[in-house]
file entry-v7.txt (compact mmCIF, C-alpha atoms)
# COMPACT_ATOMS: atom_id res chain seq x y z
CA MET U 780 23.54 -107.18 -44.60
CA THR U 781 22.69 -109.92 -47.09
CA TYR U 782 20.29 -111.97 -44.84
CA THR U 783 20.68 -115.28 -46.73
CA ASN U 784 23.37 -117.34 -48.43
CA ILE U 785 21.71 -116.77 -51.83
CA ASP U 786 24.02 -115.13 -54.35
CA PHE U 787 21.80 -112.84 -56.43
CA ASN U 788 24.68 -111.78 -58.68
CA ASP U 789 23.97 -112.69 -62.31
CA LYS U 790 20.33 -113.35 -61.39
CA THR U 791 17.51 -111.54 -63.21
CA ILE U 792 15.15 -109.88 -60.76
CA LEU U 793 11.76 -108.31 -61.51
CA ILE U 794 10.37 -105.77 -59.04
CA THR U 795 6.83 -104.63 -59.81
CA GLY U 796 6.00 -101.34 -58.14
CA GLY U 797 9.72 -100.70 -58.07
CA ALA U 798 9.33 -96.91 -57.97
CA GLY U 799 7.20 -97.16 -54.84
CA PHE U 800 8.17 -97.32 -51.18
CA ILE U 801 9.04 -100.98 -50.61
CA GLY U 802 9.89 -101.75 -54.24
CA SER U 803 12.53 -99.01 -54.51
CA ASN U 804 14.14 -100.10 -51.24
CA LEU U 805 14.36 -103.64 -52.61
CA ALA U 806 15.93 -102.34 -55.84
CA PHE U 807 18.70 -100.56 -53.94
CA TYR U 808 19.21 -103.55 -51.64
CA PHE U 809 20.09 -105.68 -54.67
CA GLN U 810 22.09 -102.95 -56.38
CA ASP U 811 24.17 -102.27 -53.25
CA ASN U 812 24.72 -105.89 -52.17
CA PHE U 813 24.74 -107.71 -55.51
CA PRO U 814 26.09 -105.27 -58.11
CA GLU U 815 26.16 -107.98 -60.80
CA SER U 816 22.43 -108.72 -60.44
CA ASN U 817 20.15 -107.73 -63.32
CA ILE U 818 17.29 -105.69 -61.89
CA LEU U 819 14.19 -104.74 -63.86
CA ILE U 820 11.63 -102.34 -62.40
CA PHE U 821 8.07 -102.39 -63.73
CA ASP U 822 6.01 -99.44 -62.50
CA CYS U 823 3.28 -97.19 -63.91
CA PHE U 824 4.77 -94.16 -62.05
CA ARG U 825 2.54 -91.41 -60.74
CA SER U 826 0.12 -89.47 -62.85
CA GLU U 827 -2.06 -86.56 -61.84
CA GLU U 828 -5.12 -88.84 -61.75
CA THR U 829 -6.90 -89.14 -58.41
CA PHE U 830 -9.52 -91.40 -56.86
CA SER U 831 -12.83 -90.02 -55.57
CA ASN U 832 -11.20 -89.65 -52.11
CA GLY U 833 -8.72 -87.14 -53.57
CA ASN U 834 -5.67 -89.42 -53.25
CA LEU U 835 -3.41 -90.09 -56.23
CA LYS U 836 -4.05 -93.26 -58.22
CA SER U 837 -0.35 -94.14 -58.29
CA PHE U 838 2.52 -93.26 -55.98
CA GLY U 839 5.61 -94.50 -57.86
CA HIS U 840 8.04 -91.57 -58.09
CA TYR U 841 11.22 -91.10 -60.08
CA LYS U 842 12.93 -89.49 -57.07
CA ASN U 843 12.81 -92.86 -55.28
CA LEU U 844 15.06 -94.22 -58.05
CA ILE U 845 17.73 -91.54 -58.31
CA GLY U 846 20.98 -93.51 -58.40
CA PHE U 847 19.33 -96.71 -59.67
CA LYS U 848 21.32 -98.29 -62.52
CA GLY U 849 19.05 -101.14 -63.64
CA GLU U 850 16.35 -101.34 -66.27
CA ILE U 851 12.96 -99.62 -66.02
CA ILE U 852 9.72 -100.33 -67.84
CA CYS U 853 6.91 -97.83 -67.36
CA GLY U 854 3.82 -99.99 -67.54
CA SER U 855 0.49 -100.83 -65.93
CA LEU U 856 -0.54 -104.18 -64.47
CA ILE U 857 -3.91 -103.91 -66.21
CA ASN U 858 -2.45 -103.25 -69.67
CA GLN U 859 -1.74 -106.50 -71.51
CA GLU U 860 0.54 -104.73 -74.00
CA ASP U 861 2.67 -103.45 -71.12
CA LEU U 862 2.83 -106.91 -69.54
CA LYS U 863 3.95 -108.39 -72.86
CA LEU U 864 7.14 -106.34 -72.53
CA LEU U 865 8.12 -108.71 -69.72
CA GLU U 866 8.04 -111.73 -72.03
CA ASN U 867 11.55 -110.97 -73.29
CA TYR U 868 13.07 -111.79 -69.89
CA ASP U 869 13.79 -114.98 -68.01
CA PHE U 870 13.36 -114.02 -64.38
CA ASP U 871 14.94 -115.89 -61.48
CA TYR U 872 13.16 -113.89 -58.77
CA ILE U 873 9.99 -111.80 -58.87
CA PHE U 874 9.05 -109.35 -56.13
CA HIS U 875 5.46 -108.29 -56.77
CA GLN U 876 4.88 -105.07 -54.84
CA ALA U 877 2.69 -103.17 -57.32
CA ALA U 878 -0.91 -102.62 -56.21
CA ILE U 879 -3.52 -100.06 -55.38
CA SER U 880 -2.77 -99.96 -51.65
CA ASP U 881 -5.05 -97.17 -50.47
CA THR U 882 -7.42 -98.68 -47.88
CA ARG U 883 -9.93 -95.86 -48.38
CA VAL U 884 -10.51 -96.44 -52.09
CA TYR U 885 -13.95 -98.00 -52.52
CA ASP U 886 -13.99 -98.44 -56.31
CA GLN U 887 -14.11 -102.22 -56.18
CA GLU U 888 -13.75 -102.73 -59.93
CA ILE U 889 -10.42 -100.92 -60.32
CA ILE U 890 -9.00 -102.52 -57.17
CA MET U 891 -9.99 -106.03 -58.22
CA LYS U 892 -8.69 -105.54 -61.77
CA THR U 893 -5.39 -104.04 -60.60
CA ASN U 894 -4.67 -106.24 -57.59
CA VAL U 895 -6.42 -109.54 -58.35
CA SER U 896 -6.88 -110.04 -62.11
CA SER U 897 -3.27 -109.00 -62.79
CA PHE U 898 -2.03 -111.49 -60.18
CA TYR U 899 -2.89 -114.33 -62.57
CA ASP U 900 -0.57 -112.69 -65.12
CA ILE U 901 2.23 -112.46 -62.54
CA LEU U 902 1.72 -116.12 -61.60
CA ASN U 903 1.85 -117.13 -65.27
CA ILE U 904 5.14 -115.26 -65.71
CA THR U 905 6.45 -116.97 -62.56
CA LYS U 906 5.52 -120.40 -63.93
CA LYS U 907 6.94 -119.72 -67.40
CA CYS U 908 10.28 -118.65 -65.90
CA ASN U 909 10.23 -121.20 -63.08
CA ALA U 910 11.02 -118.22 -60.85
CA THR U 911 10.67 -117.67 -57.11
CA LEU U 912 7.80 -115.26 -56.39
CA VAL U 913 7.54 -113.08 -53.29
CA TYR U 914 4.42 -110.91 -53.28
CA ALA U 915 2.94 -108.24 -51.03
CA SER U 916 -0.10 -109.32 -49.08
CA SER U 917 -1.32 -107.11 -46.25
CA ALA U 918 -2.42 -106.95 -42.62
CA ALA U 919 -5.56 -105.28 -44.05
CA THR U 920 -6.78 -108.82 -44.74
CA TYR U 921 -7.47 -109.15 -40.99
CA GLY U 922 -9.89 -106.25 -40.68
CA SER U 923 -10.80 -105.86 -36.99
CA MET U 924 -9.89 -109.39 -35.95
CA PRO U 925 -8.54 -109.48 -32.38
CA SER U 926 -4.79 -109.49 -31.76
CA PRO U 927 -2.55 -111.27 -32.33
CA GLN U 928 -3.51 -111.38 -36.00
CA THR U 929 -2.87 -114.90 -37.27
CA VAL U 930 -2.62 -116.20 -40.83
CA GLY U 931 -5.79 -118.15 -41.64
CA LEU U 932 -8.04 -115.94 -39.48
CA GLU U 933 -8.80 -113.10 -41.89
CA ASN U 934 -11.87 -110.88 -42.16
CA PRO U 935 -11.19 -107.99 -44.59
CA GLU U 936 -13.33 -104.90 -44.19
CA ASN U 937 -12.45 -102.80 -47.25
CA PRO U 938 -11.92 -103.54 -50.96
CA TYR U 939 -8.13 -103.34 -50.66
CA GLY U 940 -8.04 -105.83 -47.78
CA TYR U 941 -10.35 -108.15 -49.70
CA SER U 942 -8.18 -107.94 -52.84
CA LYS U 943 -5.14 -109.08 -50.87
CA TYR U 944 -7.20 -111.83 -49.24
CA ALA U 945 -8.26 -112.98 -52.72
CA MET U 946 -4.62 -112.98 -53.85
CA ASP U 947 -3.73 -115.22 -50.91
CA GLN U 948 -6.48 -117.69 -51.93
CA ILE U 949 -5.32 -117.67 -55.56
CA SER U 950 -1.73 -118.17 -54.39
CA ALA U 951 -2.70 -121.15 -52.18
CA LYS U 952 -4.36 -122.89 -55.15
CA PHE U 953 -1.37 -122.17 -57.40
CA ILE U 954 1.06 -123.51 -54.77
CA LYS U 955 -0.94 -126.73 -54.55
CA GLU U 956 -0.93 -127.14 -58.35
CA ASN U 957 2.75 -126.17 -58.73
CA PRO U 958 4.59 -127.61 -55.71
CA SER U 959 8.02 -127.16 -57.32
CA ILE U 960 7.66 -123.35 -57.53
CA LYS U 961 8.37 -121.25 -54.44
CA ILE U 962 5.69 -118.64 -53.77
CA VAL U 963 5.60 -116.57 -50.59
CA GLY U 964 3.08 -113.90 -49.64
CA LEU U 965 4.06 -111.37 -46.98
CA LYS U 966 1.39 -109.68 -44.90
CA TYR U 967 2.97 -106.32 -44.11
CA PHE U 968 1.82 -104.52 -41.00
CA ASN U 969 2.50 -100.75 -40.53
CA VAL U 970 5.68 -100.14 -42.51
CA TYR U 971 7.66 -96.89 -42.14
CA GLY U 972 11.02 -95.65 -43.37
CA PRO U 973 12.92 -93.95 -46.21
CA ARG U 974 11.26 -93.58 -49.64
CA GLU U 975 7.70 -93.53 -48.28
CA PHE U 976 7.35 -89.73 -48.54
CA TYR U 977 5.74 -89.82 -51.98
CA LYS U 978 2.83 -91.85 -50.64
CA ASN U 979 1.51 -88.47 -49.52
CA SER U 980 -1.36 -88.78 -47.01
CA THR U 981 -1.06 -92.58 -46.98
CA ALA U 982 2.54 -92.39 -45.70
CA SER U 983 3.15 -93.51 -42.12
CA MET U 984 2.36 -91.46 -39.04
CA VAL U 985 6.11 -91.41 -38.38
CA ILE U 986 6.96 -89.09 -41.27
CA GLN U 987 3.70 -87.15 -41.02
CA LEU U 988 4.20 -86.36 -37.33
CA GLY U 989 7.93 -85.80 -37.90
CA HIS U 990 7.19 -83.07 -40.43
CA GLN U 991 4.56 -81.49 -38.18
CA ILE U 992 7.17 -81.24 -35.43
CA LEU U 993 9.82 -79.84 -37.81
CA GLN U 994 7.31 -77.14 -38.81
CA GLY U 995 7.21 -76.17 -35.12
CA LYS U 996 3.64 -77.44 -34.79
CA THR U 997 2.35 -79.46 -31.86
CA PRO U 998 1.81 -83.04 -33.07
CA ARG U 999 -1.92 -83.76 -33.48
CA LEU U 1000 -3.31 -87.14 -32.46
CA PHE U 1001 -6.71 -88.72 -31.93
CA GLU U 1002 -7.99 -88.63 -28.37
CA GLY U 1003 -6.87 -91.77 -26.55
CA SER U 1004 -3.85 -92.25 -28.80
CA ASP U 1005 -1.90 -93.77 -25.93
CA LYS U 1006 -4.32 -96.72 -26.26
CA ILE U 1007 -4.39 -96.92 -30.09
CA VAL U 1008 -1.58 -99.35 -30.90
CA ARG U 1009 -0.17 -100.74 -34.12
CA ASP U 1010 2.54 -103.17 -35.10
CA PHE U 1011 4.97 -100.67 -36.65
CA ILE U 1012 7.79 -102.20 -38.67
CA TYR U 1013 10.86 -100.46 -40.06
CA ILE U 1014 11.54 -100.87 -43.78
CA GLU U 1015 14.86 -102.65 -43.19
CA ASP U 1016 13.02 -105.53 -41.48
CA VAL U 1017 10.58 -105.70 -44.41
CA ILE U 1018 13.54 -106.03 -46.79
CA GLN U 1019 14.93 -108.79 -44.55
CA ALA U 1020 11.60 -110.65 -44.79
CA ASN U 1021 11.53 -110.37 -48.60
CA ILE U 1022 15.06 -111.69 -48.96
CA LYS U 1023 14.58 -114.51 -46.47
CA ALA U 1024 11.32 -115.44 -48.22
CA CYS U 1025 13.45 -116.51 -51.20
CA ASN U 1026 14.87 -119.22 -48.94
CA ALA U 1027 11.58 -120.12 -47.22
CA LYS U 1028 11.32 -123.68 -45.95
CA GLN U 1029 7.92 -123.86 -47.62
CA SER U 1030 5.62 -121.75 -49.77
CA GLY U 1031 2.77 -119.93 -48.05
CA VAL U 1032 1.69 -116.64 -46.51
CA TYR U 1033 3.47 -115.12 -43.52
CA ASN U 1034 3.10 -112.06 -41.29
CA VAL U 1035 5.74 -109.33 -41.37
CA GLY U 1036 5.63 -107.25 -38.21
CA THR U 1037 7.49 -107.00 -34.92
CA SER U 1038 4.77 -108.55 -32.71
CA LYS U 1039 5.44 -105.61 -30.35
CA PRO U 1040 2.54 -103.16 -30.78
CA ARG U 1041 3.23 -99.53 -29.93
CA SER U 1042 0.97 -96.50 -29.60
CA PHE U 1043 0.68 -93.40 -31.78
CA GLN U 1044 1.60 -91.49 -28.62
CA ASP U 1045 4.89 -93.44 -28.50
CA ILE U 1046 5.69 -92.26 -32.04
CA ALA U 1047 5.09 -88.60 -31.17
CA ASP U 1048 7.14 -88.87 -27.97
CA ILE U 1049 10.10 -90.67 -29.62
CA LEU U 1050 10.12 -88.15 -32.48
CA GLN U 1051 10.19 -85.21 -30.07
CA LYS U 1052 13.04 -86.81 -28.14
CA GLU U 1053 15.06 -87.43 -31.34
CA LEU U 1054 14.26 -83.98 -32.78
CA GLU U 1055 14.96 -82.34 -29.40
CA THR U 1056 11.62 -80.58 -29.13
CA ASP U 1057 9.05 -80.33 -26.37
CA LEU U 1058 5.85 -79.23 -28.10
CA GLY U 1059 3.41 -81.38 -26.15
CA THR U 1060 0.51 -83.10 -27.94
CA GLU U 1061 -2.79 -81.78 -29.28
CA TYR U 1062 -5.75 -84.17 -29.31
CA PHE U 1063 -8.86 -84.22 -31.49
CA THR U 1064 -11.86 -86.51 -31.91
CA ASN U 1065 -11.34 -89.58 -34.10
CA PRO U 1066 -13.65 -89.09 -37.13
CA PHE U 1067 -13.58 -92.75 -38.23
CA ASP U 1068 -16.16 -95.41 -37.35
CA GLY U 1069 -14.92 -98.94 -36.74
CA TYR U 1070 -11.33 -97.75 -36.24
CA GLN U 1071 -8.80 -100.53 -35.61
CA MET U 1072 -7.51 -100.03 -32.05
CA HIS U 1073 -4.93 -102.82 -31.84
CA THR U 1074 -2.75 -104.75 -34.28
CA GLN U 1075 -0.08 -107.26 -33.43
CA ALA U 1076 1.39 -109.73 -35.89
CA ASP U 1077 1.69 -113.35 -34.87
CA ILE U 1078 5.14 -113.97 -36.34
CA SER U 1079 5.71 -117.47 -34.96
CA GLN U 1080 5.46 -119.08 -38.42
CA SER U 1081 7.56 -116.32 -40.01
CA ILE U 1082 10.33 -117.09 -37.50
CA LYS U 1083 10.03 -120.83 -38.07
CA ILE U 1084 9.64 -120.96 -41.87
CA LEU U 1085 11.46 -117.80 -43.03
CA ASP U 1086 14.05 -117.53 -40.24
CA TYR U 1087 12.73 -113.96 -39.93
CA LYS U 1088 13.65 -111.96 -36.85
CA PRO U 1089 12.83 -108.25 -36.61
CA ASN U 1090 15.90 -106.21 -35.62
CA PHE U 1091 14.39 -102.74 -35.11
CA GLU U 1092 12.44 -101.63 -32.06
CA LEU U 1093 10.35 -98.51 -32.72
CA GLU U 1094 13.03 -96.36 -31.05
CA ASP U 1095 15.74 -97.86 -33.29
CA GLY U 1096 13.73 -97.46 -36.48
CA ILE U 1097 12.78 -93.85 -35.83
CA LYS U 1098 16.38 -92.99 -34.85
CA ALA U 1099 17.65 -94.52 -38.11
CA TYR U 1100 14.94 -92.68 -40.05
CA ILE U 1101 15.50 -89.18 -38.57
CA PRO U 1102 18.17 -88.01 -41.10
CA GLU U 1103 15.84 -88.89 -43.99
CA ILE U 1104 12.83 -87.25 -42.29
CA LYS U 1105 14.90 -84.06 -42.00
CA ARG U 1106 16.17 -84.30 -45.59
CA MET U 1107 12.69 -84.77 -47.03
CA PHE U 1108 11.40 -81.88 -44.93
CA LYS U 1109 14.03 -79.57 -46.45
CA GLU U 1110 13.04 -80.77 -49.95
CA GLU U 1111 9.37 -80.24 -49.16
CA VAL U 1112 9.77 -76.65 -47.98
CA LYS U 1113 11.94 -75.59 -50.96
call {"tool": "encode", "arguments": {"input": "entry-v7.txt", "output": "structure tokens"}}
result
Amino acid sequence: MTYTNIDFNDKTILITGGAGFIGSNLAFYFQDNFPESNILIFDCFRSEETFSNGNLKSFGHYKNLIGFKGEIICGSLINQEDLKLLENYDFDYIFHQAAISDTRVYDQEIIMKTNVSSFYDILNITKKCNATLVYASSAATYGSMPSPQTVGLENPENPYGYSKYAMDQISAKFIKENPSIKIVGLKYFNVYGPREFYKNSTASMVIQLGHQILQGKTPRLFEGSDKIVRDFIYIEDVIQANIKACNAKQSGVYNVGTSKPRSFQDIADILQKELETDLGTEYFTNPFDGYQMHTQADISQSIKILDYKPNFELEDGIKAYIPEIKRMFKEEVK
């Protein structure tokens, strides 16, 4: 599925964070559909360094790129020498996915340097190349705003959400000053699908519950999980949004979700149906204060401006994902 009439063959494409979840899926989308495209991945790859919360500082993993035939630069967004390596290229399209995306990292300095300060560098590269830029914003910009979450009504409640909010403000100013350059920010909601496994504990509930069930364990959920709902979106629809953003009717920031919120209980039940188990559900007290109980993307502008239309209901996405959930489980238990 190519999603637009754009021919990316012979185009030079930069994907920052290309060894991560969404970035690696984009890389293979171009490789599979436009084999003559020139794809460059820029990623710092994972190290053993962790934040104070115990999570890894970087999630890019070489295993997400097995079979990738393009170019790779191992570099950091906050290292000017690494960024200089990109000066030798003339990019047609830039997909900026690299970021610290852990919502429970509270080191504001490292998040702002990595996500915000580096964004100016990405915008400068975009301007120099006269490229089209599609960048990852986030539903975390909304905080606990009531559903449906609507672009322009943000209230971030953690450093990560604020960093993405700041990027959107920087982008809006740049768009105004450079009307001839196409820049689109995509506010991803709860994305799940292949190549997310290496996000460890920040991977979606879909793979985490799937692996619990494959271990023969009863899936564990917060009490009241039938009433905790999220806008879960399958990776294939996120790829669709990125590709269609290249053809956007106008620059701006747009939501990427399904606008059909589903509960954590739904995930557990669909997984058990697909995995042919009947283990019931175990409930425990939610340890988090101020927990978001409901997200639902307002995608009216995404439909109108991007021609975006989600194709995967939760049942469809999980069914498509099951073979990969099983494969990763076998790798994990080796």
call {"tool": "residues_around", "arguments": {"input": "entry-v7.txt", "residues": "Gly839 (chain U)", "least_positions_apart": "6", "cutoff": "12 Å", "atoms": "all atoms listed in the file", "output": "NGL selection string"}}
result
:U and (795-803 or 820-827 or 853-855 or 876-880 or 974-979)
call {"tool": "closest_residue", "arguments": {"input": "entry-v7.txt", "among": "U:Gly972, U:Pro814, U:Gly931, U:Gly940", "to": "Ala919 (chain U)", "atoms": "only C-alpha atoms"}}
result
U:Gly940
call {"tool": "closest_residue", "arguments": {"input": "entry-v7.txt", "among": "U:Asn909, U:Ser983, U:Gln1075, U:Thr920", "to": "Lys966 (chain U)", "atoms": "only C-alpha atoms"}}
result
U:Thr920
call {"tool": "residues_around", "arguments": {"input": "entry-v7.txt", "residues": "Thr1056 (chain U)", "least_positions_apart": "2", "cutoff": "10 Å", "atoms": "all atoms listed in the file", "output": "number ranges by chain"}}
result
U: 992-993, 995, 997, 1048, 1050-1054, 1058-1059
call {"tool": "write_last_selection", "arguments": {"input": "entry-v7.txt", "atoms": "C-alpha atoms", "output": "PDB file, in the coordinates of the input"}}
result
ATOM      1  CA  ILE U 992       7.170 -81.240 -35.430  1.00  0.00           C
ATOM      2  CA  LEU U 993       9.820 -79.840 -37.810  1.00  0.00           C
ATOM      3  CA  GLY U 995       7.210 -76.170 -35.120  1.00  0.00           C
ATOM      4  CA  THR U 997       2.350 -79.460 -31.860  1.00  0.00           C
ATOM      5  CA  ASP U1048       7.140 -88.870 -27.970  1.00  0.00           C
ATOM      6  CA  LEU U1050      10.120 -88.150 -32.480  1.00  0.00           C
ATOM      7  CA  GLN U1051      10.190 -85.210 -30.070  1.00  0.00           C
ATOM      8  CA  LYS U1052      13.040 -86.810 -28.140  1.00  0.00           C
ATOM      9  CA  GLU U1053      15.060 -87.430 -31.340  1.00  0.00           C
ATOM     10  CA  LEU U1054      14.260 -83.980 -32.780  1.00  0.00           C
ATOM     11  CA  LEU U1058       5.850 -79.230 -28.100  1.00  0.00           C
ATOM     12  CA  GLY U1059       3.410 -81.380 -26.150  1.00  0.00           C
TER      13      GLY U1059
END
call {"tool": "atom_distance", "arguments": {"input": "entry-v7.txt", "atom1": "CA of Ser816 (chain U)", "atom2": "CA of Ile1022 (chain U)"}}
result
14.0 Å
call {"tool": "closest_residue", "arguments": {"input": "entry-v7.txt", "among": "U:Ile889, U:Ile1084, U:Val1032, U:Met1107", "to": "His990 (chain U)", "atoms": "only C-alpha atoms"}}
result
U:Met1107
call {"tool": "closest_residue", "arguments": {"input": "entry-v7.txt", "among": "U:Thr783, U:Ser897, U:Gln948, U:Asn937", "to": "Asp1086 (chain U)", "atoms": "all atoms listed in the file"}}
result
U:Thr783
call {"tool": "residues_near_point", "arguments": {"input": "entry-v7.txt", "point": "(20.3, -98.0, -62.5)", "cutoff": "10 Å", "atoms": "all atoms listed in the file", "output": "MDAnalysis selection string"}}
result
chainID U and resid 806:807 810 817:820 844:851
call {"tool": "atom_distance", "arguments": {"input": "entry-v7.txt", "atom1": "CA of Gly1036 (chain U)", "atom2": "CA of Gln887 (chain U)"}}
result
27.2 Å
call {"tool": "residues_around", "arguments": {"input": "entry-v7.txt", "residues": "Ser916 (chain U)", "least_positions_apart": "6", "cutoff": "10 Å", "atoms": "only C-alpha atoms", "output": "ChimeraX atom specification"}}
result
/U:875-876,878,940,942-947,963-968,1032-1035
call {"tool": "build_atoms", "arguments": {"input": "entry-v7.txt", "residues": "region 898-913 of chain U", "atoms": "N, CA and C atoms", "output": "PDB file, in the coordinates of the input"}}
result
ATOM      1  N   PHE U 898      -2.835-110.516 -60.927  1.00  0.00           N
ATOM      2  CA  PHE U 898      -2.030-111.490 -60.180  1.00  0.00           C
ATOM      3  C   PHE U 898      -1.917-112.797 -60.969  1.00  0.00           C
ATOM      4  N   TYR U 899      -2.968-113.133 -61.721  1.00  0.00           N
ATOM      5  CA  TYR U 899      -2.890-114.330 -62.570  1.00  0.00           C
ATOM      6  C   TYR U 899      -1.778-114.170 -63.607  1.00  0.00           C
ATOM      7  N   ASP U 900      -1.641-112.949 -64.141  1.00  0.00           N
ATOM      8  CA  ASP U 900      -0.570-112.690 -65.120  1.00  0.00           C
ATOM      9  C   ASP U 900       0.806-112.862 -64.471  1.00  0.00           C
ATOM     10  N   ILE U 901       0.947-112.339 -63.258  1.00  0.00           N
ATOM     11  CA  ILE U 901       2.230-112.460 -62.540  1.00  0.00           C
ATOM     12  C   ILE U 901       2.541-113.932 -62.262  1.00  0.00           C
ATOM     13  N   LEU U 902       1.514-114.692 -61.868  1.00  0.00           N
ATOM     14  CA  LEU U 902       1.720-116.120 -61.600  1.00  0.00           C
ATOM     15  C   LEU U 902       2.089-116.873 -62.876  1.00  0.00           C
ATOM     16  N   ASN U 903       1.504-116.483 -63.996  1.00  0.00           N
ATOM     17  CA  ASN U 903       1.850-117.130 -65.270  1.00  0.00           C
ATOM     18  C   ASN U 903       3.290-116.841 -65.664  1.00  0.00           C
ATOM     19  N   ILE U 904       3.737-115.602 -65.433  1.00  0.00           N
ATOM     20  CA  ILE U 904       5.140-115.260 -65.710  1.00  0.00           C
ATOM     21  C   ILE U 904       6.058-116.072 -64.797  1.00  0.00           C
ATOM     22  N   THR U 905       5.677-116.185 -63.536  1.00  0.00           N
ATOM     23  CA  THR U 905       6.450-116.970 -62.560  1.00  0.00           C
ATOM     24  C   THR U 905       6.600-118.411 -63.039  1.00  0.00           C
ATOM     25  N   LYS U 906       5.496-118.990 -63.491  1.00  0.00           N
ATOM     26  CA  LYS U 906       5.520-120.400 -63.930  1.00  0.00           C
ATOM     27  C   LYS U 906       6.360-120.568 -65.190  1.00  0.00           C
ATOM     28  N   LYS U 907       6.188-119.641 -66.144  1.00  0.00           N
ATOM     29  CA  LYS U 907       6.940-119.720 -67.400  1.00  0.00           C
ATOM     30  C   LYS U 907       8.447-119.674 -67.140  1.00  0.00           C
ATOM     31  N   CYS U 908       8.851-118.831 -66.200  1.00  0.00           N
ATOM     32  CA  CYS U 908      10.280-118.650 -65.900  1.00  0.00           C
ATOM     33  C   CYS U 908      10.792-119.628 -64.839  1.00  0.00           C
ATOM     34  N   ASN U 909       9.865-120.366 -64.227  1.00  0.00           N
ATOM     35  CA  ASN U 909      10.230-121.200 -63.080  1.00  0.00           C
ATOM     36  C   ASN U 909      10.958-120.363 -62.020  1.00  0.00           C
ATOM     37  N   ALA U 910      10.401-119.188 -61.768  1.00  0.00           N
ATOM     38  CA  ALA U 910      11.020-118.220 -60.850  1.00  0.00           C
ATOM     39  C   ALA U 910      10.519-118.440 -59.418  1.00  0.00           C
ATOM     40  N   THR U 911      11.166-117.775 -58.491  1.00  0.00           N
ATOM     41  CA  THR U 911      10.670-117.670 -57.110  1.00  0.00           C
ATOM     42  C   THR U 911       9.872-116.371 -57.036  1.00  0.00           C
ATOM     43  N   LEU U 912       8.662-116.443 -56.494  1.00  0.00           N
ATOM     44  CA  LEU U 912       7.800-115.260 -56.390  1.00  0.00           C
ATOM     45  C   LEU U 912       7.580-114.895 -54.930  1.00  0.00           C
ATOM     46  N   VAL U 913       7.870-113.646 -54.608  1.00  0.00           N
ATOM     47  CA  VAL U 913       7.540-113.080 -53.290  1.00  0.00           C
ATOM     48  C   VAL U 913       6.584-111.916 -53.574  1.00  0.00           C
TER      49      VAL U 913
END
